[in-house]
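Containing compact mmCIF, N, CA and C atoms: my_file19.txt.
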```
# COMPACT_ATOMS: atom_id res chain seq x y z
N MET R 152 20.61 102.72 79.08
CA MET R 152 21.76 103.18 78.33
C MET R 152 23.00 102.66 79.04
N GLU R 153 23.94 102.26 78.29
CA GLU R 153 25.15 101.72 78.89
C GLU R 153 25.99 102.83 79.48
N LYS R 154 26.52 102.55 80.65
CA LYS R 154 27.32 103.54 81.36
C LYS R 154 28.56 103.93 80.56
N THR R 155 29.18 102.99 79.93
CA THR R 155 30.40 103.29 79.19
C THR R 155 30.12 104.19 78.00
N GLY R 156 28.98 104.05 77.39
CA GLY R 156 28.63 104.91 76.25
C GLY R 156 28.49 106.36 76.65
N ALA R 157 27.92 106.61 77.82
CA ALA R 157 27.74 107.98 78.29
C ALA R 157 29.08 108.64 78.61
N TYR R 158 29.97 107.88 79.22
CA TYR R 158 31.25 108.47 79.61
C TYR R 158 32.22 108.63 78.46
N THR R 159 32.15 107.72 77.49
CA THR R 159 33.07 107.82 76.36
C THR R 159 32.47 108.55 75.17
N LYS R 160 31.21 108.94 75.30
CA LYS R 160 30.50 109.66 74.24
C LYS R 160 30.46 108.83 72.95
N ASP R 161 30.30 107.53 73.10
CA ASP R 161 30.26 106.61 71.96
C ASP R 161 28.82 106.53 71.47
N ASP R 162 28.54 107.12 70.30
CA ASP R 162 27.20 107.14 69.75
C ASP R 162 26.62 105.75 69.51
N ARG R 163 27.46 104.81 69.15
CA ARG R 163 26.99 103.46 68.87
C ARG R 163 26.38 102.83 70.12
N ARG R 164 27.03 102.99 71.24
CA ARG R 164 26.51 102.42 72.49
C ARG R 164 25.27 103.18 72.96
N ILE R 165 25.24 104.46 72.73
CA ILE R 165 24.07 105.25 73.13
C ILE R 165 22.87 104.85 72.28
N ARG R 166 23.08 104.60 70.99
CA ARG R 166 21.98 104.14 70.13
C ARG R 166 21.44 102.80 70.61
N ARG R 167 22.33 101.91 70.99
CA ARG R 167 21.90 100.61 71.50
C ARG R 167 21.05 100.80 72.75
N GLY R 168 21.47 101.69 73.62
CA GLY R 168 20.69 101.97 74.82
C GLY R 168 19.34 102.57 74.51
N LEU R 169 19.28 103.45 73.51
CA LEU R 169 18.00 104.06 73.14
C LEU R 169 17.03 103.05 72.55
N ARG R 170 17.53 102.04 71.88
CA ARG R 170 16.63 100.99 71.38
C ARG R 170 15.94 100.29 72.55
N ASN R 171 16.62 100.19 73.67
CA ASN R 171 16.03 99.54 74.85
C ASN R 171 15.00 100.41 75.55
N VAL R 172 15.00 101.70 75.29
CA VAL R 172 14.02 102.60 75.90
C VAL R 172 12.61 102.15 75.53
N PHE R 173 12.42 101.77 74.30
CA PHE R 173 11.08 101.41 73.86
C PHE R 173 10.68 100.00 74.30
N VAL R 174 11.64 99.22 74.74
CA VAL R 174 11.33 97.94 75.36
C VAL R 174 10.83 98.19 76.79
N VAL R 175 11.42 99.15 77.45
CA VAL R 175 11.09 99.47 78.83
C VAL R 175 9.81 100.31 78.93
N ARG R 176 9.46 101.01 77.88
CA ARG R 176 8.35 101.95 77.90
C ARG R 176 7.05 101.40 78.49
N PRO R 177 6.60 100.20 78.13
CA PRO R 177 5.34 99.70 78.72
C PRO R 177 5.44 99.44 80.23
N MET R 178 6.65 99.32 80.75
CA MET R 178 6.83 99.03 82.17
C MET R 178 6.96 100.28 83.03
N LEU R 179 6.87 101.46 82.42
CA LEU R 179 7.03 102.70 83.19
C LEU R 179 5.81 102.94 84.07
N THR R 180 6.06 103.04 85.35
CA THR R 180 5.03 103.36 86.34
C THR R 180 5.55 104.51 87.17
N PRO R 181 4.67 105.21 87.89
CA PRO R 181 5.17 106.29 88.73
C PRO R 181 6.21 105.83 89.74
N SER R 182 5.98 104.70 90.39
CA SER R 182 6.94 104.25 91.40
C SER R 182 8.27 103.84 90.77
N ALA R 183 8.23 103.23 89.57
CA ALA R 183 9.47 102.87 88.89
C ALA R 183 10.24 104.12 88.48
N LEU R 184 9.53 105.14 88.01
CA LEU R 184 10.19 106.38 87.62
C LEU R 184 10.78 107.10 88.83
N PHE R 185 10.05 107.14 89.95
CA PHE R 185 10.59 107.76 91.16
C PHE R 185 11.88 107.05 91.59
N PHE R 186 11.86 105.73 91.56
CA PHE R 186 13.04 104.96 91.95
C PHE R 186 14.21 105.26 91.01
N PHE R 187 13.94 105.27 89.70
CA PHE R 187 15.00 105.53 88.72
C PHE R 187 15.57 106.94 88.89
N LEU R 188 14.70 107.93 89.09
CA LEU R 188 15.18 109.31 89.25
C LEU R 188 16.00 109.45 90.53
N ASP R 189 15.58 108.78 91.61
CA ASP R 189 16.36 108.81 92.85
C ASP R 189 17.74 108.19 92.64
N PHE R 190 17.79 107.13 91.83
CA PHE R 190 19.05 106.45 91.57
C PHE R 190 19.95 107.26 90.63
N ALA R 191 19.38 107.82 89.57
CA ALA R 191 20.17 108.42 88.51
C ALA R 191 20.56 109.87 88.76
N LEU R 192 19.71 110.63 89.44
CA LEU R 192 19.95 112.06 89.61
C LEU R 192 20.23 112.41 91.06
N THR R 193 20.84 113.55 91.25
CA THR R 193 21.10 114.06 92.59
C THR R 193 19.83 114.71 93.13
N PRO R 194 19.29 114.21 94.25
CA PRO R 194 18.11 114.86 94.82
C PRO R 194 18.41 116.33 95.12
N GLY R 195 17.50 117.18 94.72
CA GLY R 195 17.68 118.61 94.93
C GLY R 195 18.21 119.32 93.70
N SER R 196 18.71 118.57 92.73
CA SER R 196 19.21 119.23 91.51
C SER R 196 18.02 119.78 90.72
N GLU R 197 18.31 120.69 89.81
CA GLU R 197 17.25 121.32 89.01
C GLU R 197 16.48 120.29 88.20
N THR R 198 17.18 119.39 87.56
CA THR R 198 16.53 118.36 86.73
C THR R 198 15.67 117.45 87.60
N TYR R 199 16.21 117.01 88.72
CA TYR R 199 15.47 116.15 89.64
C TYR R 199 14.19 116.83 90.12
N THR R 200 14.30 118.07 90.54
CA THR R 200 13.15 118.81 91.05
C THR R 200 12.07 118.97 89.97
N THR R 201 12.48 119.30 88.76
CA THR R 201 11.53 119.49 87.67
C THR R 201 10.78 118.20 87.37
N LEU R 202 11.51 117.10 87.25
CA LEU R 202 10.87 115.84 86.88
C LEU R 202 9.99 115.30 88.00
N ILE R 203 10.43 115.42 89.23
CA ILE R 203 9.62 114.96 90.36
C ILE R 203 8.33 115.77 90.45
N ARG R 204 8.44 117.08 90.22
CA ARG R 204 7.24 117.93 90.25
C ARG R 204 6.23 117.50 89.19
N LEU R 205 6.71 117.18 87.99
CA LEU R 205 5.81 116.72 86.93
C LEU R 205 5.17 115.37 87.26
N LEU R 206 5.92 114.50 87.88
CA LEU R 206 5.36 113.20 88.27
C LEU R 206 4.39 113.33 89.44
N HIS R 207 4.63 114.29 90.34
CA HIS R 207 3.71 114.50 91.45
C HIS R 207 2.37 115.01 90.94
N LYS R 208 2.38 115.79 89.87
CA LYS R 208 1.10 116.22 89.28
C LYS R 208 0.33 115.01 88.82
N ARG R 209 1.02 114.06 88.23
CA ARG R 209 0.38 112.82 87.79
C ARG R 209 -0.17 112.07 88.99
N ARG R 210 0.62 111.98 90.03
CA ARG R 210 0.22 111.24 91.23
C ARG R 210 -0.99 111.89 91.89
N GLU R 211 -1.03 113.22 91.92
CA GLU R 211 -2.17 113.91 92.53
C GLU R 211 -3.44 113.63 91.74
N ASN R 212 -3.32 113.52 90.43
CA ASN R 212 -4.49 113.22 89.60
C ASN R 212 -5.01 111.81 89.85
N GLU R 213 -4.13 110.86 90.12
CA GLU R 213 -4.51 109.47 90.35
C GLU R 213 -4.86 109.19 91.80
N MET R 214 -4.34 110.02 92.72
CA MET R 214 -4.47 109.80 94.14
C MET R 214 -3.88 108.44 94.53
N GLU R 215 -2.75 108.12 93.94
CA GLU R 215 -2.06 106.86 94.20
C GLU R 215 -1.19 107.03 95.44
N VAL R 216 -1.13 106.00 96.26
CA VAL R 216 -0.30 106.04 97.45
C VAL R 216 0.92 105.17 97.20
N ASP R 217 2.08 105.72 97.45
CA ASP R 217 3.33 104.99 97.26
C ASP R 217 3.96 104.77 98.62
N THR R 218 4.18 103.53 98.99
CA THR R 218 4.76 103.24 100.30
C THR R 218 6.27 103.17 100.26
N ALA R 219 6.85 103.10 99.08
CA ALA R 219 8.31 103.02 98.97
C ALA R 219 8.91 104.38 99.27
N SER R 220 9.96 104.37 100.04
CA SER R 220 10.64 105.63 100.33
C SER R 220 11.90 105.73 99.50
N SER R 221 12.28 106.94 99.19
CA SER R 221 13.48 107.12 98.39
C SER R 221 14.71 106.99 99.28
N PRO R 222 15.79 106.47 98.71
CA PRO R 222 17.00 106.32 99.51
C PRO R 222 17.58 107.68 99.90
N ALA R 223 18.15 107.72 101.08
CA ALA R 223 18.75 108.97 101.55
C ALA R 223 20.02 109.24 100.76
N PRO R 224 20.19 110.48 100.27
CA PRO R 224 21.39 110.78 99.51
C PRO R 224 22.61 110.78 100.42
N THR R 225 23.63 110.05 100.01
CA THR R 225 24.83 109.98 100.83
C THR R 225 25.91 110.94 100.31
N GLN R 226 25.94 111.13 99.01
CA GLN R 226 26.91 112.05 98.44
C GLN R 226 26.37 112.62 97.14
N ARG R 227 26.93 113.69 96.71
CA ARG R 227 26.49 114.33 95.48
C ARG R 227 26.97 113.51 94.29
N LYS R 228 26.04 113.18 93.42
CA LYS R 228 26.37 112.40 92.23
C LYS R 228 26.74 113.35 91.11
N ILE R 229 27.64 112.92 90.27
CA ILE R 229 27.94 113.66 89.06
C ILE R 229 27.23 112.93 87.94
N THR R 230 26.21 113.56 87.41
CA THR R 230 25.37 112.93 86.41
C THR R 230 25.81 113.36 85.02
N PRO R 231 26.12 112.40 84.16
CA PRO R 231 26.45 112.78 82.78
C PRO R 231 25.21 113.37 82.10
N PRO R 232 25.40 114.32 81.20
CA PRO R 232 24.26 114.95 80.54
C PRO R 232 23.40 113.93 79.78
N GLN R 233 24.01 112.87 79.28
CA GLN R 233 23.25 111.86 78.57
C GLN R 233 22.24 111.19 79.49
N LEU R 234 22.62 110.95 80.74
CA LEU R 234 21.73 110.33 81.70
C LEU R 234 20.60 111.28 82.09
N GLU R 235 20.92 112.56 82.23
CA GLU R 235 19.88 113.55 82.50
C GLU R 235 18.84 113.56 81.39
N MET R 236 19.30 113.56 80.15
CA MET R 236 18.38 113.60 79.01
C MET R 236 17.57 112.31 78.92
N LEU R 237 18.15 111.19 79.32
CA LEU R 237 17.41 109.93 79.34
C LEU R 237 16.29 110.00 80.39
N CYS R 238 16.56 110.61 81.52
CA CYS R 238 15.53 110.79 82.55
C CYS R 238 14.38 111.63 82.01
N TYR R 239 14.72 112.72 81.33
CA TYR R 239 13.68 113.54 80.70
C TYR R 239 12.87 112.72 79.71
N LEU R 240 13.55 111.90 78.92
CA LEU R 240 12.87 111.10 77.91
C LEU R 240 11.91 110.10 78.55
N PHE R 241 12.34 109.42 79.61
CA PHE R 241 11.46 108.47 80.29
C PHE R 241 10.21 109.16 80.83
N VAL R 242 10.39 110.29 81.50
CA VAL R 242 9.24 110.99 82.07
C VAL R 242 8.34 111.50 80.95
N LEU R 243 8.92 112.02 79.89
CA LEU R 243 8.14 112.51 78.75
C LEU R 243 7.30 111.39 78.13
N LEU R 244 7.89 110.25 77.90
CA LEU R 244 7.15 109.12 77.33
C LEU R 244 6.03 108.66 78.26
N PHE R 245 6.32 108.64 79.56
CA PHE R 245 5.30 108.24 80.53
C PHE R 245 4.12 109.21 80.50
N LEU R 246 4.39 110.50 80.49
CA LEU R 246 3.32 111.49 80.49
C LEU R 246 2.49 111.43 79.20
N ILE R 247 3.15 111.21 78.09
CA ILE R 247 2.42 111.08 76.82
C ILE R 247 1.54 109.83 76.84
N ASP R 248 2.07 108.72 77.33
CA ASP R 248 1.30 107.49 77.39
C ASP R 248 0.07 107.63 78.29
N LYS R 249 0.17 108.45 79.32
CA LYS R 249 -0.95 108.66 80.24
C LYS R 249 -1.85 109.82 79.81
N LYS R 250 -1.60 110.34 78.62
CA LYS R 250 -2.40 111.41 78.01
C LYS R 250 -2.42 112.69 78.86
N MET R 251 -1.31 112.98 79.49
CA MET R 251 -1.15 114.22 80.26
C MET R 251 -0.35 115.19 79.39
N TYR R 252 -1.00 115.72 78.39
CA TYR R 252 -0.30 116.46 77.35
C TYR R 252 0.24 117.81 77.83
N ASN R 253 -0.43 118.48 78.75
CA ASN R 253 0.09 119.75 79.26
C ASN R 253 1.39 119.53 80.04
N GLU R 254 1.41 118.49 80.87
CA GLU R 254 2.62 118.17 81.62
C GLU R 254 3.72 117.68 80.68
N ALA R 255 3.34 116.92 79.64
CA ALA R 255 4.33 116.45 78.66
C ALA R 255 4.94 117.63 77.91
N LYS R 256 4.12 118.62 77.60
CA LYS R 256 4.64 119.82 76.93
C LYS R 256 5.62 120.55 77.84
N ALA R 257 5.29 120.66 79.12
CA ALA R 257 6.20 121.31 80.07
C ALA R 257 7.50 120.52 80.21
N CYS R 258 7.40 119.19 80.22
CA CYS R 258 8.60 118.34 80.31
C CYS R 258 9.46 118.50 79.06
N ALA R 259 8.84 118.51 77.90
CA ALA R 259 9.59 118.67 76.65
C ALA R 259 10.28 120.04 76.60
N SER R 260 9.58 121.08 77.01
CA SER R 260 10.17 122.42 77.03
C SER R 260 11.35 122.49 77.99
N ALA R 261 11.19 121.88 79.17
CA ALA R 261 12.28 121.87 80.15
C ALA R 261 13.48 121.08 79.64
N SER R 262 13.22 119.97 78.94
CA SER R 262 14.34 119.17 78.44
C SER R 262 15.09 119.91 77.34
N ILE R 263 14.38 120.61 76.48
CA ILE R 263 15.04 121.36 75.41
C ILE R 263 15.82 122.53 76.00
N ALA R 264 15.25 123.20 77.00
CA ALA R 264 15.97 124.30 77.65
C ALA R 264 17.25 123.78 78.32
N ARG R 265 17.15 122.62 78.97
CA ARG R 265 18.34 122.04 79.62
C ARG R 265 19.35 121.61 78.57
N LEU R 266 18.88 121.06 77.49
CA LEU R 266 19.76 120.63 76.40
C LEU R 266 20.55 121.82 75.84
N LYS R 267 19.87 122.94 75.68
CA LYS R 267 20.52 124.14 75.15
C LYS R 267 21.50 124.75 76.15
N SER R 268 21.25 124.55 77.45
CA SER R 268 22.12 125.17 78.47
C SER R 268 23.40 124.38 78.72
N LEU R 269 23.46 123.15 78.24
CA LEU R 269 24.66 122.34 78.46
C LEU R 269 25.82 122.89 77.67
N LYS R 270 26.95 122.96 78.30
CA LYS R 270 28.14 123.46 77.64
C LYS R 270 28.76 122.41 76.72
N ARG R 271 28.53 121.13 77.06
CA ARG R 271 29.04 120.05 76.23
C ARG R 271 27.97 119.64 75.22
N ARG R 272 28.44 119.03 74.17
CA ARG R 272 27.53 118.54 73.15
C ARG R 272 27.01 117.16 73.55
N VAL R 273 25.70 117.06 73.72
CA VAL R 273 25.07 115.77 73.96
C VAL R 273 24.91 115.11 72.60
N PRO R 274 25.21 113.84 72.49
CA PRO R 274 25.10 113.20 71.17
C PRO R 274 23.77 113.48 70.49
N ASP R 275 23.86 113.71 69.20
CA ASP R 275 22.69 114.07 68.41
C ASP R 275 21.60 113.00 68.45
N VAL R 276 22.00 111.75 68.64
CA VAL R 276 21.04 110.66 68.67
C VAL R 276 20.07 110.86 69.82
N LEU R 277 20.57 111.20 70.97
CA LEU R 277 19.74 111.40 72.15
C LEU R 277 18.93 112.69 72.03
N ALA R 278 19.55 113.74 71.55
CA ALA R 278 18.84 115.02 71.39
C ALA R 278 17.69 114.88 70.39
N SER R 279 17.89 114.09 69.34
CA SER R 279 16.84 113.94 68.33
C SER R 279 15.59 113.27 68.91
N LYS R 280 15.76 112.37 69.87
CA LYS R 280 14.61 111.73 70.50
C LYS R 280 13.80 112.73 71.31
N LEU R 281 14.47 113.70 71.91
CA LEU R 281 13.75 114.71 72.69
C LEU R 281 13.04 115.71 71.78
N TYR R 282 13.61 115.99 70.64
CA TYR R 282 12.99 116.92 69.71
C TYR R 282 11.81 116.30 68.98
N SER R 283 11.83 115.00 68.77
CA SER R 283 10.75 114.38 67.98
C SER R 283 9.57 113.94 68.82
```
Transcribe the structure of this file into structure tokens.
Amino acid sequence: MEKTGAYTKDDRRIRRGLRNVFVVRPMLTPSALFFFLDFALTPGSETYTTLIRLLHKRRENEMEVDTASSPAPTQRKITPPQLEMLCYLFVLLFLIDKKMYNEAKACASASIARLKSLKRRVPDVLASKLYS
């Protein structure tokens, strides 16, 4: 998703970014998702903790070893709600593709709860992807 679309709340740019989600979907791996979540979210935040926990369940099932370490947080990031919802969407798609339906259900429920708790309106385009 384009950074300018998230900050200016421009639905057109957010739609363009969402079209790219399905191009990236086949490339989603646990290590790529861990890297993206470390980059996009503040480690220790509620969203970060929830998504990492869901991915660790996947990792425990596979017994995969990841040698990459996450970067040390230097400062608290301010994450736009659109980026948070995109993180939920990536993890949700990954879990569905790997047929981990119980974890996907938990991820979808957490994303909808987070969506409802936001004081600002997240563009309907992004919210509709989480609901469908």
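Across the structure, CA of Thr193 (chain R) and CA of Lys250 (chain R) are spaced 27.8 Å apart.
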*For each of R:Thr180, R:Ser283, R:Asn253, R:Ser196, take the minimum atom-to-atom distance to Ile229 (chain R), counting only C-alpha atoms, then give the residue where this is smallest.*
R:Ser196
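The shortest atom-to-atom distance to Val174 (chain R), with only C-alpha atoms taken into account, belongs to R:Phe241 out of R:Ala257, R:Pro194, R:Met251, R:Phe241.
When all atoms listed in the file are used to compute distances to Phe185 (chain R), the closest of the residues R:Gly168, R:Leu206, R:Leu269, R:Thr201 turns out to be R:Leu206.
Nearest to Ser262 (chain R) of all the residues R:Tyr199, R:Tyr239, R:Phe245, R:Phe173 is R:Tyr239, counting only N, CA and C atoms.
Computed from the coordinates, the CA of Cys238 (chain R) to CA of Arg163 (chain R) distance equals 19.3 Å.
The two atoms in question, atom N of Tyr282 (chain R) and atom N of Arg176 (chain R), are spaced 17.1 Å apart.
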Residues near Leu237 (chain R), anyone? I mean within 9 Å using only C-alpha atoms, not counting same-chain ones fewer than 4 positions away, as an mmCIF file with N, CA and C atoms, in the coordinates of the input.
```
data_model
loop_
_atom_site.group_PDB
_atom_site.id
_atom_site.type_symbol
_atom_site.label_atom_id
_atom_site.label_comp_id
_atom_site.auth_asym_id
_atom_site.auth_seq_id
_atom_site.Cartn_x
_atom_site.Cartn_y
_atom_site.Cartn_z
ATOM 1 N N MET R 152 20.610 102.720 79.080
ATOM 2 C CA MET R 152 21.760 103.180 78.330
ATOM 3 C C MET R 152 23.000 102.660 79.040
ATOM 4 N N LEU R 169 19.280 103.450 73.510
ATOM 5 C CA LEU R 169 18.000 104.060 73.140
ATOM 6 C C LEU R 169 17.030 103.050 72.550
ATOM 7 N N VAL R 172 15.000 101.700 75.290
ATOM 8 C CA VAL R 172 14.020 102.600 75.900
ATOM 9 C C VAL R 172 12.610 102.150 75.530
ATOM 10 N N PRO R 232 25.400 114.320 81.200
ATOM 11 C CA PRO R 232 24.260 114.950 80.540
ATOM 12 C C PRO R 232 23.400 113.930 79.780
ATOM 13 N N GLN R 233 24.010 112.870 79.280
ATOM 14 C CA GLN R 233 23.250 111.860 78.570
ATOM 15 C C GLN R 233 22.240 111.190 79.490
ATOM 16 N N PHE R 241 12.340 109.420 79.610
ATOM 17 C CA PHE R 241 11.460 108.470 80.290
ATOM 18 C C PHE R 241 10.210 109.160 80.830
ATOM 19 N N VAL R 242 10.390 110.290 81.500
ATOM 20 C CA VAL R 242 9.240 110.990 82.070
ATOM 21 C C VAL R 242 8.340 111.500 80.950
ATOM 22 N N LEU R 277 20.570 111.200 70.970
ATOM 23 C CA LEU R 277 19.740 111.400 72.150
ATOM 24 C C LEU R 277 18.930 112.690 72.030
ATOM 25 N N LEU R 281 14.470 113.700 71.910
ATOM 26 C CA LEU R 281 13.750 114.710 72.690
ATOM 27 C C LEU R 281 13.040 115.710 71.780
#
```
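The list of residues with at least one atom within 6.5 Å of region 259-261 of chain R, based on all atoms listed in the file and without residues fewer than 5 positions apart in the same chain, reads R:Leu243, R:Glu254, R:Leu266.
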